[in-house]
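*Asks:* Below are the structure tokens for one structure; questions will follow.
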Amino acid sequence: MEVVQVLHMNGGNGETSYAQNSVFQQKVISRSKLIIKEAMTNLYNRKFHEKLVIADFGCSSGPNTLFAVSEIIKIVENICKKMEHESPEYHVFLNDLSSNDFNFIFKSLLPAFEIEMKKHVKGPCFVSGTPGSFYGRLFPSNTLHFAYSSSGIHWLSQVPKAPESNKGNIYMSSSSPPSVLKAYCAQFGKDFSTFLKCRSDEIVGGGRMVLTFMGRRTKDPTSKECCYFWELLAMALNQLVQKGMIDEEKFDSFNIPIYTPSPLEVKYEIEKEGSFSVDTLEIYEQNWNECHIDSGVVKNEGYGVAKLIRAAMEPLIINHFGFANDIIDEIFDRYSKILNYCMAREKIECVYFILSITKKDE
């Protein structure tokens with residue numbers, strides 16, 4: 001699977017779009033505000049920047065895209081006000097893969113964002129899109145002052161290649177061969193190291209980066225806190241295999257390009273790459289049961305989670321299996337029921353990391 005060609009959130013503003021199913025991610029962004037504030041305060045205590053260049057890596061398309069940027073800018077405006085500085089000139093770059101729905105951002109979201117920013121920002125604010133994988137260079141050397149990414153780094157650049165089949169699974173699980181677990185870990189190490197190296201080239205000395213992404217507290221990569229939802233999705237897919245609606249060989253060859261690292265793995269890769277120092281690594285639990293609280297019709301507790309997962313996974317599933325819409329509806333209807341059964345019996349949480357790092361001076 002060429003992930004860079006097929007990975008994107010569902011575009012537009014329809015019922016199954018990412019724009020309508022991203023309340024969970026917005027809670028993650030809100031949770032990172034205090035750490036962003038600390039990072040920006042330290043940046044401005046070090047040096048005042050008349051031009052502030054910000055990049056959002058993996059911006060996706062929906063209200064969270066410009067919600068994150070607006071929160072960052074409001075924080076900077078408050079810092080400048082307290083320090084009695086003039087507002088900087090903002091240069092904002094929104095990055096995602098070329099398959100991302102950039103049209104929706106600039107046609108439907110940007111006009112409202114510009115009106116809102118005029119209420120808070122005295123100076124100019126320039127926003128542009130930068131398509132491409134963040135596992136490669138995207139900007140000239142020493143141009144970025146602040147980099148941000150929300151719910152992006154856990155996506156891998158490709159499906160890990162293992163010498164053994166991950167039969168019956170779509171992700172790591174307790175029944176996966178050791179070689180599959182090793183392949184996932186190695187792919188994360190390669191990708192995260194590449195991401196850090198590229199950002200090291202692009203960020204100025206003393207520049208900051210704040211990243212939020214899924215992780216795990218335990219050393220066990222197959223623990224329930226990071227694999228449970230994918231096991232339940234595999235269960236829904238396998239039900240259709242048993243009914244003859246999905247080819248078993250196709251099912252066994254489908255693996256998702258995600259990895260949820262431990263704190264030790266994250267810190268190891270940062271230290272090994274060597275360009276950044278860790279300021280903060282906050283670990284917290286986000287309750288998945290909150291996903292069903294939205295403006296839509298709530299069918300059951302698993303409904304909101306199934307819609308959220310569908311907004312992210314549908315393009316990958318369609319690309320691999322070639323399903324029509326009715327099969328996709330069937331998969332996520334079954335997934336919703338499985339989730340509802342499990343969520344009614346236990347509180348289910350997802351582990352998230354908020355990482356703040358500083359580019360070391362040359």
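Chain labels A, B, ... are given in the sequence in which chains occur in the structure tokens; within each chain residues are numbered consecutively from 1, and ligands are likewise numbered from 1 in the order shown.
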DSSP on the backbone: what in region 4-133 of chain A comes out alpha helix (DSSP H), as JSON, numbers by chain?
*Replies:* {"A": [4, 5, 6, 23, 24, 25, 26, 27, 28, 29, 30, 31, 33, 34, 35, 36, 37, 38, 39, 40, 41, 42, 43, 44, 45, 46, 63, 64, 65, 66, 67, 68, 69, 70, 71, 72, 73, 74, 75, 76, 77, 78, 79, 80, 81, 82, 102, 103, 104, 110, 111, 112, 113, 114, 115, 116, 117, 118, 119, 120]}
*Asks:* Output the selection as a PDB file, in the first residue's frame - C-alpha atoms for each residue.
*Replies:*
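To be explicit, this is the file written out as selection-v7.pdb:
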ATOM      1  CA  VAL A   4       1.076   8.728   0.722  1.00  0.00           C
ATOM      2  CA  GLN A   5      -1.298   8.200  -2.199  1.00  0.00           C
ATOM      3  CA  VAL A   6      -4.347   6.904  -0.330  1.00  0.00           C
ATOM      4  CA  VAL A  23     -14.776  16.385  18.191  1.00  0.00           C
ATOM      5  CA  PHE A  24     -12.410  13.882  19.822  1.00  0.00           C
ATOM      6  CA  GLN A  25      -9.375  15.435  18.104  1.00  0.00           C
ATOM      7  CA  GLN A  26     -10.548  18.924  19.080  1.00  0.00           C
ATOM      8  CA  LYS A  27     -10.444  17.868  22.726  1.00  0.00           C
ATOM      9  CA  VAL A  28      -6.846  16.774  22.169  1.00  0.00           C
ATOM     10  CA  ILE A  29      -5.956  20.162  20.670  1.00  0.00           C
ATOM     11  CA  SER A  30      -7.609  21.983  23.583  1.00  0.00           C
ATOM     12  CA  ARG A  31      -5.660  19.832  26.025  1.00  0.00           C
ATOM     13  CA  LYS A  33      -3.045  24.711  24.840  1.00  0.00           C
ATOM     14  CA  LEU A  34      -1.123  25.102  28.105  1.00  0.00           C
ATOM     15  CA  ILE A  35       1.943  23.369  26.695  1.00  0.00           C
ATOM     16  CA  ILE A  36       1.750  25.493  23.518  1.00  0.00           C
ATOM     17  CA  LYS A  37       1.553  28.586  25.724  1.00  0.00           C
ATOM     18  CA  GLU A  38       4.641  27.498  27.666  1.00  0.00           C
ATOM     19  CA  ALA A  39       6.553  26.742  24.459  1.00  0.00           C
ATOM     20  CA  MET A  40       5.637  30.092  22.880  1.00  0.00           C
ATOM     21  CA  THR A  41       6.461  32.015  26.066  1.00  0.00           C
ATOM     22  CA  ASN A  42       9.901  30.426  26.150  1.00  0.00           C
ATOM     23  CA  LEU A  43      10.376  31.201  22.454  1.00  0.00           C
ATOM     24  CA  TYR A  44       9.575  34.883  22.978  1.00  0.00           C
ATOM     25  CA  ASN A  45      11.560  35.144  26.195  1.00  0.00           C
ATOM     26  CA  ARG A  46      14.554  34.069  24.150  1.00  0.00           C
ATOM     27  CA  PRO A  63     -12.855  22.856  11.811  1.00  0.00           C
ATOM     28  CA  ASN A  64      -9.843  21.528  13.749  1.00  0.00           C
ATOM     29  CA  THR A  65      -7.480  22.645  10.954  1.00  0.00           C
ATOM     30  CA  LEU A  66      -7.853  26.345  11.648  1.00  0.00           C
ATOM     31  CA  PHE A  67      -8.981  25.844  15.255  1.00  0.00           C
ATOM     32  CA  ALA A  68      -5.426  24.767  16.122  1.00  0.00           C
ATOM     33  CA  VAL A  69      -3.879  27.688  14.233  1.00  0.00           C
ATOM     34  CA  SER A  70      -6.252  30.228  15.789  1.00  0.00           C
ATOM     35  CA  GLU A  71      -5.458  28.962  19.291  1.00  0.00           C
ATOM     36  CA  ILE A  72      -1.719  29.262  18.608  1.00  0.00           C
ATOM     37  CA  ILE A  73      -2.081  32.819  17.294  1.00  0.00           C
ATOM     38  CA  LYS A  74      -4.277  33.907  20.225  1.00  0.00           C
ATOM     39  CA  ILE A  75      -1.634  32.599  22.621  1.00  0.00           C
ATOM     40  CA  VAL A  76       1.073  34.612  20.819  1.00  0.00           C
ATOM     41  CA  GLU A  77      -1.089  37.755  20.872  1.00  0.00           C
ATOM     42  CA  ASN A  78      -1.557  37.469  24.644  1.00  0.00           C
ATOM     43  CA  ILE A  79       2.174  36.936  25.142  1.00  0.00           C
ATOM     44  CA  CYS A  80       3.001  40.008  23.026  1.00  0.00           C
ATOM     45  CA  LYS A  81       0.466  42.082  24.934  1.00  0.00           C
ATOM     46  CA  LYS A  82       1.987  41.114  28.301  1.00  0.00           C
ATOM     47  CA  PHE A 102      -7.438  21.503   0.744  1.00  0.00           C
ATOM     48  CA  ASN A 103     -10.298  22.937  -1.330  1.00  0.00           C
ATOM     49  CA  PHE A 104     -12.657  22.579   1.624  1.00  0.00           C
ATOM     50  CA  LEU A 110     -10.574  30.196   5.632  1.00  0.00           C
ATOM     51  CA  PRO A 111     -13.046  33.117   5.135  1.00  0.00           C
ATOM     52  CA  ALA A 112     -14.509  32.666   8.640  1.00  0.00           C
ATOM     53  CA  PHE A 113     -11.013  32.243  10.088  1.00  0.00           C
ATOM     54  CA  GLU A 114      -9.849  35.524   8.540  1.00  0.00           C
ATOM     55  CA  ILE A 115     -12.844  37.376   9.990  1.00  0.00           C
ATOM     56  CA  GLU A 116     -12.164  35.883  13.423  1.00  0.00           C
ATOM     57  CA  MET A 117      -8.456  36.735  13.301  1.00  0.00           C
ATOM     58  CA  LYS A 118      -9.178  40.399  12.572  1.00  0.00           C
ATOM     59  CA  LYS A 119     -10.765  40.579  16.029  1.00  0.00           C
ATOM     60  CA  HIS A 120      -7.559  39.396  17.705  1.00  0.00           C
TER      61      HIS A 120
END
*Asks:* Enumerate, in order of chain and increasing residue number, the residues of region 71-178 of chain A with an atom no farther than 8 Å from region 204-221 of chain A, each with its shortest atom pair and distance in Å to one decimal, counting only C-alpha atoms, as JSON lines.
*Replies:*
{"residue": "A:Ser141", "atom": "CA", "partner": "A:Val204", "partner_atom": "CA", "distance": 7.9}
{"residue": "A:Asn142", "atom": "CA", "partner": "A:Val204", "partner_atom": "CA", "distance": 4.4}
{"residue": "A:Thr143", "atom": "CA", "partner": "A:Val204", "partner_atom": "CA", "distance": 6.1}
{"residue": "A:Leu144", "atom": "CA", "partner": "A:Val204", "partner_atom": "CA", "distance": 6.0}
{"residue": "A:His145", "atom": "CA", "partner": "A:Gly207", "partner_atom": "CA", "distance": 4.8}
{"residue": "A:Phe146", "atom": "CA", "partner": "A:Arg208", "partner_atom": "CA", "distance": 5.0}
{"residue": "A:Ala147", "atom": "CA", "partner": "A:Met209", "partner_atom": "CA", "distance": 4.6}
{"residue": "A:Tyr148", "atom": "CA", "partner": "A:Val210", "partner_atom": "CA", "distance": 5.0}
{"residue": "A:Ser149", "atom": "CA", "partner": "A:Leu211", "partner_atom": "CA", "distance": 4.8}
{"residue": "A:Ser150", "atom": "CA", "partner": "A:Thr212", "partner_atom": "CA", "distance": 4.7}
{"residue": "A:Ser151", "atom": "CA", "partner": "A:Phe213", "partner_atom": "CA", "distance": 4.5}
{"residue": "A:Gly152", "atom": "CA", "partner": "A:Phe213", "partner_atom": "CA", "distance": 6.2}
{"residue": "A:Ile153", "atom": "CA", "partner": "A:Phe213", "partner_atom": "CA", "distance": 5.8}
{"residue": "A:His154", "atom": "CA", "partner": "A:Phe213", "partner_atom": "CA", "distance": 5.8}
{"residue": "A:Met172", "atom": "CA", "partner": "A:Pro221", "partner_atom": "CA", "distance": 7.3}
{"residue": "A:Ser173", "atom": "CA", "partner": "A:Pro221", "partner_atom": "CA", "distance": 8.0}
*Asks:* Kindly export the residues of the current selection with N, CA and C atoms, as a JSON list (two decimals), in the first residue's frame.
*Replies:*
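Contents of the output file out_36.json:
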[["chain", "number", "residue", "atom", "x", "y", "z"],
["A", 141, "SER", "N", 15.62, 25.63, 4.63],
["A", 141, "SER", "CA", 16.37, 25.53, 5.88],
["A", 141, "SER", "C", 16.16, 26.75, 6.76],
["A", 142, "ASN", "N", 16.05, 26.51, 8.07],
["A", 142, "ASN", "CA", 16.00, 27.57, 9.08],
["A", 142, "ASN", "C", 14.93, 28.63, 8.79],
["A", 143, "THR", "N", 13.71, 28.17, 8.54],
["A", 143, "THR", "CA", 12.62, 29.12, 8.24],
["A", 143, "THR", "C", 11.49, 29.06, 9.26],
["A", 144, "LEU", "N", 11.28, 27.94, 9.93],
["A", 144, "LEU", "CA", 10.15, 27.79, 10.85],
["A", 144, "LEU", "C", 10.55, 28.17, 12.28],
["A", 145, "HIS", "N", 9.64, 28.89, 12.95],
["A", 145, "HIS", "CA", 9.85, 29.22, 14.36],
["A", 145, "HIS", "C", 9.07, 28.27, 15.28],
["A", 146, "PHE", "N", 7.91, 27.83, 14.80],
["A", 146, "PHE", "CA", 7.07, 26.95, 15.61],
["A", 146, "PHE", "C", 6.39, 25.93, 14.71],
["A", 147, "ALA", "N", 6.50, 24.67, 15.08],
["A", 147, "ALA", "CA", 5.86, 23.59, 14.34],
["A", 147, "ALA", "C", 4.88, 22.87, 15.26],
["A", 148, "TYR", "N", 3.77, 22.46, 14.68],
["A", 148, "TYR", "CA", 2.72, 21.82, 15.46],
["A", 148, "TYR", "C", 2.15, 20.65, 14.66],
["A", 149, "SER", "N", 1.77, 19.60, 15.36],
["A", 149, "SER", "CA", 1.07, 18.49, 14.71],
["A", 149, "SER", "C", 0.15, 17.85, 15.72],
["A", 150, "SER", "N", -1.10, 17.67, 15.33],
["A", 150, "SER", "CA", -2.08, 17.04, 16.20],
["A", 150, "SER", "C", -2.60, 15.76, 15.56],
["A", 151, "SER", "N", -2.48, 14.66, 16.29],
["A", 151, "SER", "CA", -3.01, 13.36, 15.86],
["A", 151, "SER", "C", -2.45, 12.94, 14.49],
["A", 152, "GLY", "N", -1.16, 13.22, 14.29],
["A", 152, "GLY", "CA", -0.56, 12.88, 13.01],
["A", 152, "GLY", "C", 0.60, 11.91, 13.07],
["A", 153, "ILE", "N", 1.43, 12.03, 14.09],
["A", 153, "ILE", "CA", 2.70, 11.29, 14.13],
["A", 153, "ILE", "C", 2.49, 9.78, 14.30],
["A", 154, "HIS", "N", 1.35, 9.36, 14.82],
["A", 154, "HIS", "CA", 1.12, 7.91, 14.95],
["A", 154, "HIS", "C", 0.84, 7.25, 13.60],
["A", 172, "MET", "N", -1.32, -4.83, 15.24],
["A", 172, "MET", "CA", -0.64, -5.67, 16.22],
["A", 172, "MET", "C", -1.65, -6.22, 17.22],
["A", 173, "SER", "N", -1.46, -7.47, 17.60],
["A", 173, "SER", "CA", -2.30, -8.08, 18.63],
["A", 173, "SER", "C", -1.49, -9.17, 19.32]]
*Asks:* Measuring between only C-alpha atoms, which one of A:Ile309, A:Ile328, A:Cys350, A:Cys125 shows the shortest distance to Ile283 (chain A)?
*Replies:* A:Cys350
*Asks:* Have a look at CA of Leu97 (chain A) and CA of Leu281 (chain A) and let me know their distance in Å, one decimal.
*Replies:*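 About the pair CA of Leu97 (chain A) and CA of Leu281 (chain A): they are 26.5 Å apart.
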*Asks:* I'd like the interatomic distance between CA of Phe57 (chain A) and CA of Asn95 (chain A), to a tenth of an Å.
*Replies:*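 So the answer is 4.9 Å.
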*Asks:* My list of candidates is A:Leu109, A:Val305, A:Leu196, A:Val121. Which is closest to Lys337 (chain A) when distances are computed with only C-alpha atoms?
*Replies:* A:Val305
